$ cat work13.cif   # mmCIF, C-alpha atoms
data_work
#
loop_
_atom_site.label_atom_id
_atom_site.label_comp_id
_atom_site.auth_asym_id
_atom_site.auth_seq_id
_atom_site.Cartn_x
_atom_site.Cartn_y
_atom_site.Cartn_z
CA MET S 1 32.05 -41.86 -34.84
CA ASN S 2 33.74 -41.26 -38.18
CA GLU S 3 32.50 -37.66 -38.20
CA ILE S 4 33.97 -36.98 -34.76
CA LEU S 5 37.31 -38.51 -35.75
CA LEU S 6 37.45 -36.41 -38.92
CA ILE S 7 36.66 -33.20 -37.02
CA THR S 8 39.28 -34.10 -34.40
CA LEU S 9 41.85 -34.69 -37.13
CA GLY S 10 40.91 -31.38 -38.76
CA MET S 11 41.21 -29.39 -35.51
CA PHE S 12 44.61 -30.80 -34.61
CA LEU S 13 45.95 -30.64 -38.15
CA LEU S 14 44.96 -26.96 -38.34
CA MET S 15 46.64 -26.39 -35.00
CA PHE S 16 49.93 -27.96 -36.10
CA VAL S 17 49.89 -26.00 -39.37
CA GLY S 18 49.27 -22.77 -37.46
CA MET S 19 52.12 -23.46 -35.05
CA ALA S 20 54.42 -24.21 -37.99
CA TRP S 21 53.55 -20.77 -39.36
CA GLY S 22 54.48 -19.22 -36.03
CA ILE S 23 50.99 -18.11 -34.96
CA PRO S 24 50.92 -17.57 -31.16
CA ILE S 25 49.37 -20.64 -29.53
CA GLY S 26 46.74 -18.71 -27.56
CA PHE S 27 45.36 -16.85 -30.58
CA LEU S 28 45.61 -20.00 -32.71
CA LEU S 29 43.57 -22.16 -30.31
CA GLY S 30 40.95 -19.45 -29.90
CA ALA S 31 40.62 -18.97 -33.66
CA ILE S 32 40.23 -22.71 -34.28
CA ALA S 33 37.54 -22.88 -31.59
CA ILE S 34 35.60 -20.00 -33.14
CA ILE S 35 35.83 -21.39 -36.68
CA PHE S 36 34.68 -24.90 -35.76
CA ALA S 37 31.97 -23.69 -33.37
CA TYR S 38 30.55 -21.41 -36.09
CA PHE S 39 30.40 -24.10 -38.78
CA LEU S 40 29.25 -26.90 -36.46
CA TRP S 41 26.64 -25.15 -34.36
CA GLY S 42 25.97 -21.81 -36.02
CA PRO S 43 26.52 -18.15 -35.04
CA LEU S 44 24.62 -18.41 -31.74
CA SER S 45 27.25 -20.81 -30.40
CA LEU S 46 29.78 -17.97 -30.42
CA ARG S 47 27.89 -16.34 -27.55
CA ILE S 48 28.60 -19.31 -25.32
CA ILE S 49 32.40 -19.17 -25.69
CA PRO S 50 33.00 -15.85 -23.88
CA ILE S 51 30.57 -16.85 -21.10
CA ILE S 52 32.46 -20.08 -20.37
CA VAL S 53 35.86 -18.41 -20.72
CA PHE S 54 34.83 -15.64 -18.31
CA SER S 55 33.65 -18.20 -15.75
CA TRP S 56 37.10 -19.84 -15.88
CA MET S 57 39.03 -16.59 -15.75
CA THR S 58 37.26 -15.36 -12.62
CA MET S 59 38.41 -18.32 -10.50
CA SER S 60 40.22 -17.17 -7.37
CA ALA S 61 43.12 -19.54 -8.06
CA PHE S 62 44.21 -17.26 -10.90
CA ILE S 63 45.30 -14.65 -8.39
CA CYS S 64 48.29 -16.71 -7.26
CA LEU S 65 49.84 -16.78 -10.74
CA PRO S 66 50.80 -13.07 -11.04
CA LEU S 67 51.87 -12.99 -7.38
CA PHE S 68 54.33 -15.85 -7.85
CA VAL S 69 55.67 -14.25 -11.03
CA PHE S 70 55.99 -10.90 -9.26
CA MET S 71 57.87 -12.58 -6.40
CA ALA S 72 60.35 -14.08 -8.86
CA PHE S 73 61.13 -10.76 -10.54
CA ILE S 74 61.52 -8.96 -7.20
CA LEU S 75 63.97 -11.61 -5.98
CA GLU S 76 65.91 -11.31 -9.22
CA GLY S 77 66.38 -7.60 -8.59
CA ALA S 78 67.07 -8.12 -4.90
CA GLY S 79 70.48 -9.68 -5.48
CA VAL S 80 69.56 -12.95 -3.77
CA ALA S 81 71.32 -15.10 -6.38
CA GLU S 82 74.62 -13.21 -6.08
CA ALA S 83 74.58 -13.56 -2.29
CA LEU S 84 73.77 -17.28 -2.49
CA TYR S 85 76.64 -17.90 -4.89
CA ASP S 86 79.03 -16.04 -2.62
CA ALA S 87 77.96 -18.25 0.29
CA ILE S 88 78.37 -21.43 -1.75
CA TYR S 89 81.77 -20.26 -2.97
CA ARG S 90 82.97 -19.85 0.62
CA TRP S 91 81.59 -23.15 1.90
CA VAL S 92 82.27 -25.73 -0.84
CA GLY S 93 84.78 -24.04 -3.14
CA SER S 94 87.60 -26.09 -1.58
CA LEU S 95 86.07 -29.35 -2.85
CA ASN S 96 86.68 -30.75 -6.32
CA GLY S 97 83.56 -29.81 -8.26
CA GLY S 98 82.27 -27.92 -5.22
CA LEU S 99 81.23 -24.81 -7.14
CA ALA S 100 79.38 -26.86 -9.76
CA MET S 101 77.55 -28.87 -7.09
CA GLY S 102 76.82 -25.71 -5.13
CA THR S 103 75.46 -24.00 -8.23
CA ILE S 104 72.99 -26.85 -8.76
CA LEU S 105 71.96 -26.44 -5.12
CA ILE S 106 71.42 -22.70 -5.69
CA CYS S 107 69.34 -23.47 -8.78
CA THR S 108 67.24 -25.83 -6.65
CA LEU S 109 66.60 -23.11 -4.09
CA PHE S 110 66.03 -20.54 -6.80
CA ALA S 111 63.51 -22.93 -8.36
CA ALA S 112 61.52 -22.78 -5.13
CA LEU S 113 61.55 -18.99 -5.35
CA CYS S 114 60.88 -18.36 -9.03
CA GLY S 115 58.45 -20.97 -10.37
CA GLY S 116 60.28 -21.36 -13.69
CA PRO S 117 63.71 -21.99 -15.23
CA GLU S 118 64.34 -18.67 -16.92
CA LEU S 119 65.64 -16.62 -14.00
CA ALA S 120 67.76 -19.41 -12.51
CA ILE S 121 69.50 -20.18 -15.81
CA ALA S 122 70.01 -16.55 -16.79
CA THR S 123 71.21 -15.49 -13.33
CA MET S 124 73.55 -18.43 -12.73
CA GLY S 125 74.75 -18.21 -16.33
CA ILE S 126 75.79 -14.62 -15.71
CA ILE S 127 77.14 -15.03 -12.16
CA ALA S 128 78.39 -18.61 -11.73
CA LEU S 129 79.40 -19.69 -15.23
CA PRO S 130 82.21 -17.12 -15.81
CA SER S 131 83.52 -17.68 -12.28
CA MET S 132 83.82 -21.43 -12.78
CA LEU S 133 85.26 -21.17 -16.28
CA ARG S 134 87.98 -18.86 -14.95
CA ARG S 135 88.85 -21.51 -12.38
CA GLY S 136 89.29 -24.22 -15.01
CA TYR S 137 85.95 -26.03 -14.67
CA ASP S 138 84.82 -28.14 -17.62
CA LYS S 139 82.40 -26.05 -19.66
CA HIS S 140 80.12 -28.97 -20.52
CA LEU S 141 79.76 -30.07 -16.90
CA VAL S 142 79.07 -26.52 -15.74
CA MET S 143 76.55 -25.60 -18.45
CA GLY S 144 74.71 -28.90 -18.14
CA GLY S 145 74.42 -28.50 -14.37
CA ILE S 146 73.08 -24.95 -14.62
CA MET S 147 70.48 -25.85 -17.24
CA ALA S 148 69.36 -29.02 -15.44
CA GLY S 149 69.22 -27.24 -12.09
CA GLY S 150 67.32 -24.32 -13.59
CA ALA S 151 64.79 -26.66 -15.18
CA LEU S 152 63.79 -27.78 -11.68
CA GLY S 153 61.83 -24.52 -11.48
CA SER S 154 58.93 -26.30 -13.18
CA LEU S 155 58.94 -29.17 -10.66
CA ILE S 156 59.84 -27.66 -7.30
CA PRO S 157 56.99 -25.43 -6.11
CA PRO S 158 55.77 -22.86 -6.74
CA SER S 159 55.56 -23.96 -10.37
CA ILE S 160 53.76 -22.05 -13.11
CA ILE S 161 53.26 -25.27 -15.11
CA MET S 162 51.60 -26.92 -12.12
CA ILE S 163 49.23 -24.00 -11.71
CA ILE S 164 48.14 -24.24 -15.34
CA PHE S 165 47.76 -28.03 -15.09
CA ALA S 166 45.65 -27.66 -11.95
CA LEU S 167 43.40 -25.00 -13.50
CA PHE S 168 42.62 -27.25 -16.47
CA THR S 169 42.07 -30.46 -14.53
CA GLY S 170 40.59 -29.24 -11.26
CA GLU S 171 43.38 -30.86 -9.28
CA SER S 172 44.50 -29.10 -6.10
CA ILE S 173 47.28 -26.58 -6.76
CA GLY S 174 48.54 -27.08 -3.22
CA ALA S 175 48.63 -30.88 -3.58
CA LEU S 176 50.56 -30.58 -6.87
CA PHE S 177 53.01 -28.19 -5.21
CA ILE S 178 53.62 -30.53 -2.29
CA GLY S 179 53.74 -33.58 -4.57
CA GLY S 180 56.56 -32.08 -6.60
CA ILE S 181 58.89 -31.56 -3.63
CA ILE S 182 60.32 -35.08 -3.25
CA PRO S 183 60.76 -35.74 -7.03
CA GLY S 184 62.39 -32.31 -7.39
CA LEU S 185 64.83 -32.99 -4.56
CA ILE S 186 65.59 -36.45 -5.99
CA LEU S 187 66.50 -34.95 -9.37
CA SER S 188 68.61 -32.27 -7.69
CA ALA S 189 70.41 -34.95 -5.65
CA LEU S 190 71.04 -37.03 -8.81
CA PHE S 191 72.59 -34.01 -10.55
CA ILE S 192 74.78 -33.18 -7.55
CA ILE S 193 75.91 -36.80 -7.01
CA TYR S 194 76.75 -37.21 -10.69
CA THR S 195 78.78 -33.99 -10.68
CA GLY S 196 80.59 -34.96 -7.48
CA ILE S 197 81.49 -38.43 -8.75
CA ARG S 198 82.79 -37.12 -12.08
CA CYS S 199 84.96 -34.50 -10.37
CA PHE S 200 86.20 -37.04 -7.81
CA LEU S 201 87.28 -39.40 -10.59
CA ASN S 202 88.70 -36.59 -12.73
CA PRO S 203 89.60 -33.53 -10.59
CA SER S 204 90.56 -31.54 -13.69
CA LEU S 205 86.84 -31.21 -14.51
CA GLY S 206 86.28 -29.15 -11.36
CA PRO S 207 89.49 -27.97 -9.67
CA ALA S 208 89.33 -27.18 -5.97
CA GLN S 209 89.69 -23.64 -4.74
CA PRO S 210 93.38 -22.71 -4.19
CA PRO S 211 94.40 -22.41 -0.50
CA GLU S 212 94.95 -18.64 -0.69
CA GLU S 213 91.30 -18.08 -1.67
CA ARG S 214 89.83 -20.11 1.18
CA VAL S 215 88.25 -18.36 4.15
CA GLY S 216 87.82 -19.17 7.82
CA TRP S 217 84.77 -20.41 9.66
CA ARG S 218 83.73 -16.91 10.69
CA GLU S 219 83.46 -15.73 7.09
CA LYS S 220 81.62 -18.90 6.15
CA PHE S 221 78.97 -18.43 8.82
CA VAL S 222 78.61 -14.73 8.05
CA SER S 223 77.89 -15.62 4.41
CA LEU S 224 74.94 -17.79 5.51
CA LYS S 225 72.86 -14.68 6.11
CA ALA S 226 72.20 -14.80 2.36
CA VAL S 227 70.46 -18.15 2.79
CA ILE S 228 68.21 -17.22 5.70
CA LEU S 229 65.66 -15.06 3.90
CA PRO S 230 65.14 -17.38 0.89
CA ILE S 231 64.66 -20.34 3.22
CA VAL S 232 62.19 -18.38 5.34
CA ILE S 233 60.22 -17.40 2.22
CA VAL S 234 60.08 -20.97 0.92
CA ALA S 235 59.24 -22.40 4.36
CA GLY S 236 56.55 -19.77 4.86
CA MET S 237 54.86 -20.56 1.55
CA MET S 238 55.11 -24.35 1.52
CA GLY S 239 54.61 -24.72 5.26
CA SER S 240 51.40 -22.67 5.23
CA ILE S 241 50.04 -24.76 2.34
CA PHE S 242 51.06 -28.10 3.88
CA LEU S 243 49.61 -27.28 7.29
CA GLY S 244 46.37 -25.98 5.84
CA ILE S 245 46.96 -22.49 7.20
CA ALA S 246 46.72 -20.90 3.77
CA THR S 247 45.64 -21.69 0.24
CA PRO S 248 48.20 -21.38 -2.60
CA THR S 249 46.66 -17.98 -3.41
CA GLU S 250 47.26 -16.74 0.14
CA ALA S 251 50.72 -18.33 0.21
CA SER S 252 51.65 -16.48 -2.98
CA ALA S 253 50.90 -13.21 -1.19
CA VAL S 254 53.20 -14.31 1.64
CA GLY S 255 55.93 -15.03 -0.91
CA ALA S 256 55.51 -11.69 -2.67
CA LEU S 257 55.69 -9.83 0.65
CA GLY S 258 58.76 -11.83 1.65
CA ALA S 259 60.44 -10.95 -1.64
CA ILE S 260 59.80 -7.23 -1.08
CA ILE S 261 61.19 -7.45 2.47
CA SER S 262 64.23 -9.32 1.13
CA ALA S 263 64.85 -6.60 -1.45
CA ALA S 264 64.54 -3.94 1.25
CA ILE S 265 67.02 -5.71 3.55
CA ASN S 266 69.47 -6.04 0.67
CA ARG S 267 69.00 -2.31 -0.02
CA ARG S 268 67.81 -2.99 -3.55
CA LEU S 269 64.20 -1.89 -3.09
CA ASN S 270 63.37 1.25 -5.02
CA TRP S 271 60.63 2.62 -7.23
CA GLN S 272 62.35 1.71 -10.47
CA MET S 273 62.78 -1.92 -9.42
CA LEU S 274 59.14 -2.20 -8.39
CA LYS S 275 58.02 -0.59 -11.64
CA THR S 276 60.16 -2.95 -13.71
CA ALA S 277 58.95 -6.00 -11.78
CA CYS S 278 55.31 -4.95 -12.25
CA PHE S 279 55.70 -4.49 -16.01
CA GLN S 280 57.53 -7.83 -16.35
CA THR S 281 54.80 -9.53 -14.31
CA LEU S 282 52.11 -7.97 -16.50
CA ALA S 283 53.81 -9.18 -19.69
CA VAL S 284 54.28 -12.77 -18.46
CA THR S 285 50.83 -13.20 -16.92
CA ALA S 286 49.05 -11.58 -19.88
CA MET S 287 50.76 -14.06 -22.20
CA ILE S 288 49.73 -16.99 -19.98
CA TYR S 289 46.15 -15.72 -19.70
CA TRP S 290 45.77 -15.37 -23.47
CA ILE S 291 47.02 -18.92 -23.90
CA PHE S 292 44.55 -20.06 -21.26
CA ILE S 293 41.65 -18.22 -22.93
CA GLY S 294 42.41 -19.86 -26.27
CA ALA S 295 42.85 -23.27 -24.67
CA VAL S 296 39.57 -23.07 -22.74
CA ALA S 297 37.70 -22.16 -25.91
CA PHE S 298 39.41 -24.98 -27.84
CA GLY S 299 38.68 -27.47 -25.08
CA MET S 300 35.04 -26.40 -24.88
CA VAL S 301 34.47 -27.05 -28.60
CA TYR S 302 36.47 -30.29 -28.52
CA THR S 303 34.55 -31.59 -25.51
CA GLY S 304 31.25 -30.47 -27.02
CA LEU S 305 31.88 -32.79 -29.96
CA GLY S 306 32.02 -35.77 -27.60
CA ALA S 307 35.54 -36.50 -28.84
CA THR S 308 37.13 -36.97 -25.42
CA GLN S 309 34.54 -39.58 -24.44
CA LEU S 310 34.97 -41.38 -27.76
CA ILE S 311 38.76 -41.52 -27.49
CA ARG S 312 38.54 -42.65 -23.87
CA ILE S 313 36.21 -45.51 -24.84
CA LEU S 314 38.44 -46.55 -27.73
CA VAL S 315 41.65 -46.51 -25.71
CA THR S 316 40.29 -48.14 -22.56
CA GLY S 317 38.75 -50.86 -24.73
CA LEU S 318 42.16 -51.90 -26.05
CA GLU S 319 43.36 -55.28 -24.80
CA VAL S 320 46.67 -53.98 -23.48
CA SER S 321 47.98 -53.22 -20.04
CA PRO S 322 47.15 -49.72 -18.74
CA TRP S 323 50.89 -49.33 -18.12
CA VAL S 324 51.55 -49.70 -21.85
CA ILE S 325 49.22 -46.76 -22.48
CA LEU S 326 50.86 -44.75 -19.70
CA ILE S 327 54.36 -45.43 -21.05
CA PHE S 328 53.22 -44.43 -24.55
CA MET S 329 52.00 -41.12 -23.11
CA GLN S 330 55.39 -40.51 -21.47
CA ILE S 331 57.19 -41.24 -24.74
CA SER S 332 54.89 -38.85 -26.60
CA PHE S 333 55.58 -36.17 -23.96
CA PHE S 334 59.30 -36.62 -24.48
CA PHE S 335 59.21 -36.27 -28.27
CA LEU S 336 56.73 -33.40 -28.20
CA GLY S 337 59.02 -31.70 -25.68
CA CYS S 338 61.74 -31.60 -28.34
CA ILE S 339 59.65 -29.45 -30.68
CA LEU S 340 56.96 -27.64 -28.63
CA THR S 341 56.69 -25.54 -25.47
CA ASN S 342 55.32 -27.14 -22.31
CA THR S 343 52.13 -25.05 -22.50
CA ALA S 344 51.45 -26.09 -26.10
CA ILE S 345 51.97 -29.75 -25.15
CA LEU S 346 49.55 -29.36 -22.27
CA MET S 347 46.88 -27.84 -24.51
CA ILE S 348 47.30 -30.54 -27.17
CA THR S 349 47.44 -33.63 -24.98
CA LEU S 350 45.42 -32.88 -21.85
CA PRO S 351 41.93 -33.00 -23.42
CA VAL S 352 42.78 -36.51 -24.67
CA TYR S 353 45.10 -37.92 -21.99
CA TYR S 354 43.45 -36.76 -18.78
CA PRO S 355 40.09 -38.58 -19.24
CA ILE S 356 41.99 -41.73 -20.21
CA ILE S 357 44.21 -41.58 -17.14
CA THR S 358 41.22 -41.25 -14.81
CA ALA S 359 39.33 -44.01 -16.64
CA LEU S 360 42.30 -46.37 -16.30
CA GLY S 361 42.40 -45.75 -12.56
CA PHE S 362 45.73 -43.94 -12.35
CA ASN S 363 46.10 -41.14 -9.83
CA PRO S 364 45.80 -37.83 -11.76
CA LEU S 365 48.00 -35.99 -9.27
CA TRP S 366 50.79 -38.49 -9.86
CA PHE S 367 50.23 -38.22 -13.62
CA GLY S 368 50.56 -34.44 -13.35
CA ILE S 369 53.99 -34.76 -11.76
CA LEU S 370 55.05 -37.24 -14.45
CA TYR S 371 54.01 -34.66 -17.04
CA VAL S 372 56.06 -31.96 -15.30
CA ILE S 373 59.17 -34.19 -15.15
CA ASN S 374 58.80 -34.75 -18.89
CA MET S 375 58.61 -31.00 -19.37
CA ASN S 376 61.89 -30.75 -17.43
CA MET S 377 63.43 -32.93 -20.13
CA GLY S 378 61.72 -30.91 -22.84
CA MET S 379 63.45 -27.78 -21.58
CA LEU S 380 66.84 -29.41 -22.28
CA THR S 381 66.27 -31.46 -25.42
CA PRO S 382 67.19 -30.05 -28.84
CA PRO S 383 66.29 -28.64 -31.21
CA PHE S 384 63.83 -26.37 -29.37
CA GLY S 385 64.55 -26.84 -25.67
CA TYR S 386 64.35 -23.21 -24.63
CA SER S 387 66.78 -23.63 -21.73
CA LEU S 388 69.41 -24.20 -24.42
CA PHE S 389 68.68 -20.77 -25.86
CA TYR S 390 68.68 -19.11 -22.43
CA MET S 391 72.14 -20.56 -21.92
CA LYS S 392 73.35 -19.48 -25.35
CA ALA S 393 72.33 -15.91 -24.51
CA VAL S 394 74.72 -15.73 -21.55
CA VAL S 395 77.73 -17.89 -22.51
CA PRO S 396 80.95 -16.43 -23.99
CA PRO S 397 80.89 -16.10 -27.81
CA GLU S 398 83.40 -18.93 -28.28
CA ILE S 399 80.91 -21.46 -26.86
CA GLY S 400 78.63 -22.68 -29.65
CA MET S 401 75.29 -24.47 -29.69
CA GLY S 402 77.10 -27.74 -30.31
CA ASP S 403 78.86 -27.39 -26.94
CA ILE S 404 75.56 -26.61 -25.25
CA TYR S 405 73.85 -29.63 -26.85
CA ARG S 406 76.65 -31.96 -25.72
CA SER S 407 76.49 -30.65 -22.17
CA ILE S 408 72.92 -31.75 -21.52
CA ALA S 409 73.11 -35.46 -22.53
CA PRO S 410 74.04 -36.93 -19.10
CA PHE S 411 71.57 -34.69 -17.29
CA VAL S 412 68.69 -35.71 -19.58
CA ALA S 413 69.62 -39.33 -18.81
CA LEU S 414 69.41 -38.52 -15.10
CA GLN S 415 66.01 -36.91 -15.64
CA MET S 416 64.86 -40.11 -17.35
CA LEU S 417 66.10 -42.08 -14.35
CA GLY S 418 64.11 -39.79 -12.06
CA LEU S 419 61.00 -40.26 -14.23
CA VAL S 420 61.33 -44.05 -14.04
CA LEU S 421 61.74 -43.94 -10.25
CA VAL S 422 58.60 -41.81 -9.85
CA MET S 423 56.66 -44.14 -12.18
CA ILE S 424 57.72 -47.24 -10.24
CA PHE S 425 57.20 -45.64 -6.82
CA PRO S 426 54.12 -43.36 -6.97
CA GLN S 427 54.41 -42.69 -3.23
CA LEU S 428 57.38 -40.44 -3.99
CA VAL S 429 54.69 -38.05 -5.25
CA LEU S 430 51.70 -39.01 -3.12
CA PHE S 431 53.27 -39.38 0.33
CA LEU S 432 53.41 -35.70 1.29
CA PRO S 433 50.05 -34.69 -0.28
CA ASN S 434 48.39 -37.49 1.72
CA LEU S 435 49.71 -35.87 4.90
CA MET S 436 48.48 -32.41 3.99
CA ILE S 437 45.91 -30.58 6.05
CA ARG S 438 43.59 -29.08 3.43
CA PRO S 439 42.18 -25.62 4.19
CA GLY S 440 38.42 -25.32 4.15
CA GLY S 441 36.78 -24.42 0.87
#

$ encode --input "work13.cif" --output "C-alpha cells"
Amino acid sequence: MNEILLITLGMFLLMFVGMAWGIPIGFLLGAIAIIFAYFLWGPLSLRIIPIIVFSWMTMSAFICLPLFVFMAFILEGAGVAEALYDAIYRWVGSLNGGLAMGTILICTLFAALCGGPELAIATMGIIALPSMLRRGYDKHLVMGGIMAGGALGSLIPPSIIMIIFALFTGESIGALFIGGIIPGLILSALFIIYTGIRCFLNPSLGPAQPPEERVGWREKFVSLKAVILPIVIVAGMMGSIFLGIATPTEASAVGALGAIISAAINRRLNWQMLKTACFQTLAVTAMIYWIFIGAVAFGMVYTGLGATQLIRILVTGLEVSPWVILIFMQISFFFLGCILTNTAILMITLPVYYPIITALGFNPLWFGILYVINMNMGMLTPPFGYSLFYMKAVVPPEIGMGDIYRSIAPFVALQMLGLVLVMIFPQLVLFLPNLMIRPGG
C-alpha cells in the first residue's frame, strides 16, 4: 500500500511540476506514463502503451468530435451570430436590459451550435458588446452576461467536454448531451432573470431603445428568418439523438451539413471559408487527440498500479456520508478550475473520482453534468479562467482586467446556485435521458 501511495504521489507531483513549467498537458502525461512504465515494469511494457492507445483512438465515437468542431467554425463564418443579434435587437431592444438579455439568449443558442465558449464569447464580444456600450449599457453587466452565456457552450449540447468525459468513462455521449439540456436552460434562465431584474430596478444599467430606432411588426417577423436555420440544426441533431434515429456521430454529420447549407443560404460559402474551417478544425482536434493520447497512457499506468482500487477502498471505508465526499469533489473542482483548464482537471481527477462515485452508488451521468457545471465556473473564475482572456481580447482598450473580474462575480454566484439545484434534484439531469430511445449498438 505504501509503495502505491508513494508512486501515486510521485506521478501527480511530477505532473504539477511539469504544468508549472508550461509543458503541454498531453505530452506531459504521455512522458510521465512512459517514464514510470519503464522503471516499474521494464522496456517491454512500452510496447503495450501504443497498442492500448490505438484501441482507444479507433473508437467510432471519435468521429463526432471533428464534425462538431467543423460545424462551429462553418457557422462562425456563415454570419449566423450577426443575423441573430439583429433579430434580437429588433424584438427586445425596446425593453430595459433587452439587448443584454437577448445577447445571453443568443449565447445559449450559439452554445448549442458550437460546443464550446470560445466562438460565442469572441463573436458576441465583437458584435454585441460595442453596440450595447454605445447605448449606455453598464459594462460590467454586459461583459458578465456574455462570458456567462458563452460558458454554456460546455453544458448545452453538443459539448466537447462531454465527449471527452464520455470517452474516458464509457458513458453514453448521447445521454450526456440530453442530460445537459435542462441544467443549461436553467442557468441561461437564471442569467436572463438576474439581468432583467437589475435593469428593471435600475434602468440606467440597460437603457431601452429610443422610439426612433424601433421597428414595426413586419420588420420583426422578417428578422426571424435568422433564427430558423439554427433552430432546425439544433432540433435535427438533438431530436435525432433523443428519438434514437441517430447516434451522436451520425447527428454530428447532420449538424455539419446543416452548417454548410446555412452558409450557402447566407451567401458566405466559398472555398476560402471551407479551407479555413478545415484547418481550424484540424488544429483543434489534433490538440484534443494529443491530450487524449497522453491521458490514456497515464491512466493505463496509474490503473495498472492498482492505485484507483486502493483509493476507492480507502475513501469508501471512511465513516462519513457519501454526500460529504461528493461535496468535497465539487469544491476541489471549483478551486482547480481557478488554475487549470477543464481538460487538465478531467485528466487529474477522473482516474480517482470516477471509481469512487460508482462505488458510492451515485449516478455517473449525473456526476458528469455536475463536473461540467463546475467547468462552467472555472471558465469565469480568476486568475486563469480563459473566458476572461477571450473577453479581454475583444473589449475596448480602456476596459482593464479588473473590470472584467468584477463583472463575473454575480454570474459565478448564479452558476453555484444552478450547481446546488442540480445536486439537490438529480432528475433535472436524468429525466430526459430516461426518456431517450437508444439506437441499437

$ resolve_selection --input "work13.cif" --expression "the PyMOL selection byres ((chain S and resi 345-357) around 10)" --output "PyMOL selection string"
chain S and resi 12+15-16+25-26+29+161+164-165+168-169+291-292+294-296+298-300+302-303+307-316+322+325-326+329+332-333+336-337+339-344+358-364+367-368+371-372+375

$ residues_near_point --input "work13.cif" --point "(45.2, -26.0, -0.4)" --cutoff "10 Å" --atoms "all atoms listed in the file" --output "PDB file with C-alpha atoms, keeping the file's coordinate frame"
ATOM      1  CA  SER S 172      44.500 -29.100  -6.100  1.00  0.00           C
ATOM      2  CA  ILE S 173      47.280 -26.580  -6.760  1.00  0.00           C
ATOM      3  CA  GLY S 174      48.540 -27.080  -3.220  1.00  0.00           C
ATOM      4  CA  ALA S 175      48.630 -30.880  -3.580  1.00  0.00           C
ATOM      5  CA  LEU S 176      50.560 -30.580  -6.870  1.00  0.00           C
ATOM      6  CA  PHE S 177      53.010 -28.190  -5.210  1.00  0.00           C
ATOM      7  CA  ILE S 178      53.620 -30.530  -2.290  1.00  0.00           C
ATOM      8  CA  SER S 240      51.400 -22.670   5.230  1.00  0.00           C
ATOM      9  CA  ILE S 241      50.040 -24.760   2.340  1.00  0.00           C
ATOM     10  CA  PHE S 242      51.060 -28.100   3.880  1.00  0.00           C
ATOM     11  CA  LEU S 243      49.610 -27.280   7.290  1.00  0.00           C
ATOM     12  CA  GLY S 244      46.370 -25.980   5.840  1.00  0.00           C
ATOM     13  CA  ILE S 245      46.960 -22.490   7.200  1.00  0.00           C
ATOM     14  CA  ALA S 246      46.720 -20.900   3.770  1.00  0.00           C
ATOM     15  CA  THR S 247      45.640 -21.690   0.240  1.00  0.00           C
ATOM     16  CA  PRO S 248      48.200 -21.380  -2.600  1.00  0.00           C
ATOM     17  CA  THR S 249      46.660 -17.980  -3.410  1.00  0.00           C
ATOM     18  CA  GLU S 250      47.260 -16.740   0.140  1.00  0.00           C
ATOM     19  CA  ALA S 251      50.720 -18.330   0.210  1.00  0.00           C
ATOM     20  CA  PRO S 433      50.050 -34.690  -0.280  1.00  0.00           C
ATOM     21  CA  MET S 436      48.480 -32.410   3.990  1.00  0.00           C
ATOM     22  CA  ILE S 437      45.910 -30.580   6.050  1.00  0.00           C
ATOM     23  CA  ARG S 438      43.590 -29.080   3.430  1.00  0.00           C
ATOM     24  CA  PRO S 439      42.180 -25.620   4.190  1.00  0.00           C
ATOM     25  CA  GLY S 440      38.420 -25.320   4.150  1.00  0.00           C
ATOM     26  CA  GLY S 441      36.780 -24.420   0.870  1.00  0.00           C
TER      27      GLY S 441
END

$ residues_near_point --input "work13.cif" --point "(72.3, -37.4, -21.3)" --cutoff "12 Å" --atoms "only C-alpha atoms" --output "ChimeraX atom specification"
/S:140-141,144-145,148,191,194,377,380-382,404-417

$ closest_residue --input "work13.cif" --among "S:Phe70, S:Gly30, S:Pro117, S:Ile197" --to "S:Gly378" --atoms "all atoms listed in the file"
S:Pro117

$ atom_distance --input "work13.cif" --atom1 "atom CA of S:Gln209" --atom2 "atom CA of S:Cys114"
29.6 Å

$ residues_around --input "work13.cif" --residues "stretch 81-89 of chain S" --least-positions-apart "4" --cutoff "7 Å" --atoms "all atoms listed in the file" --output "list in words"
Gly93, Leu99, Gly102, Ile106, Thr123, Ile127, Lys220, Ser223, Leu224, Ala226 and Val227 of chain S

$ resolve_selection --input "work13.cif" --expression "the PyMOL selection byres ((chain S and resi 68) around 8)" --output "VMD selection string"
chain S and resid 64 to 67 69 to 72 114 to 115 158 252 to 253 255 to 256

$ atom_distance --input "work13.cif" --atom1 "atom CA of S:Val395" --atom2 "atom CA of S:Arg134"
12.8 Å

$ residues_around --input "work13.cif" --residues "S:Ser387" --least-positions-apart "4" --cutoff "8 Å" --atoms "all atoms listed in the file" --output "count of residues only"
8

$ atom_distance --input "work13.cif" --atom1 "atom CA of S:Phe425" --atom2 "atom CA of S:Gln330"
15.6 Å

$ closest_residue --input "work13.cif" --among "S:Gly136, S:Gly385, S:Pro50, S:Gly125" --to "S:Ser204" --atoms "only C-alpha atoms"
S:Gly136

$ resolve_selection --input "work13.cif" --expression "the PyMOL selection byres ((chain S and resi 108) around 10)" --output "CSV table (one decimal) with C-alpha atoms, in the coordinates of the input"
chain,number,residue,atom,x,y,z
S,102,GLY,CA,76.8,-25.7,-5.1
S,103,THR,CA,75.5,-24.0,-8.2
S,104,ILE,CA,73.0,-26.8,-8.8
S,105,LEU,CA,72.0,-26.4,-5.1
S,106,ILE,CA,71.4,-22.7,-5.7
S,107,CYS,CA,69.3,-23.5,-8.8
S,109,LEU,CA,66.6,-23.1,-4.1
S,110,PHE,CA,66.0,-20.5,-6.8
S,111,ALA,CA,63.5,-22.9,-8.4
S,112,ALA,CA,61.5,-22.8,-5.1
S,113,LEU,CA,61.6,-19.0,-5.4
S,120,ALA,CA,67.8,-19.4,-12.5
S,146,ILE,CA,73.1,-25.0,-14.6
S,148,ALA,CA,69.4,-29.0,-15.4
S,149,GLY,CA,69.2,-27.2,-12.1
S,150,GLY,CA,67.3,-24.3,-13.6
S,151,ALA,CA,64.8,-26.7,-15.2
S,152,LEU,CA,63.8,-27.8,-11.7
S,153,GLY,CA,61.8,-24.5,-11.5
S,155,LEU,CA,58.9,-29.2,-10.7
S,156,ILE,CA,59.8,-27.7,-7.3
S,184,GLY,CA,62.4,-32.3,-7.4
S,185,LEU,CA,64.8,-33.0,-4.6
S,187,LEU,CA,66.5,-35.0,-9.4
S,188,SER,CA,68.6,-32.3,-7.7
S,189,ALA,CA,70.4,-35.0,-5.6
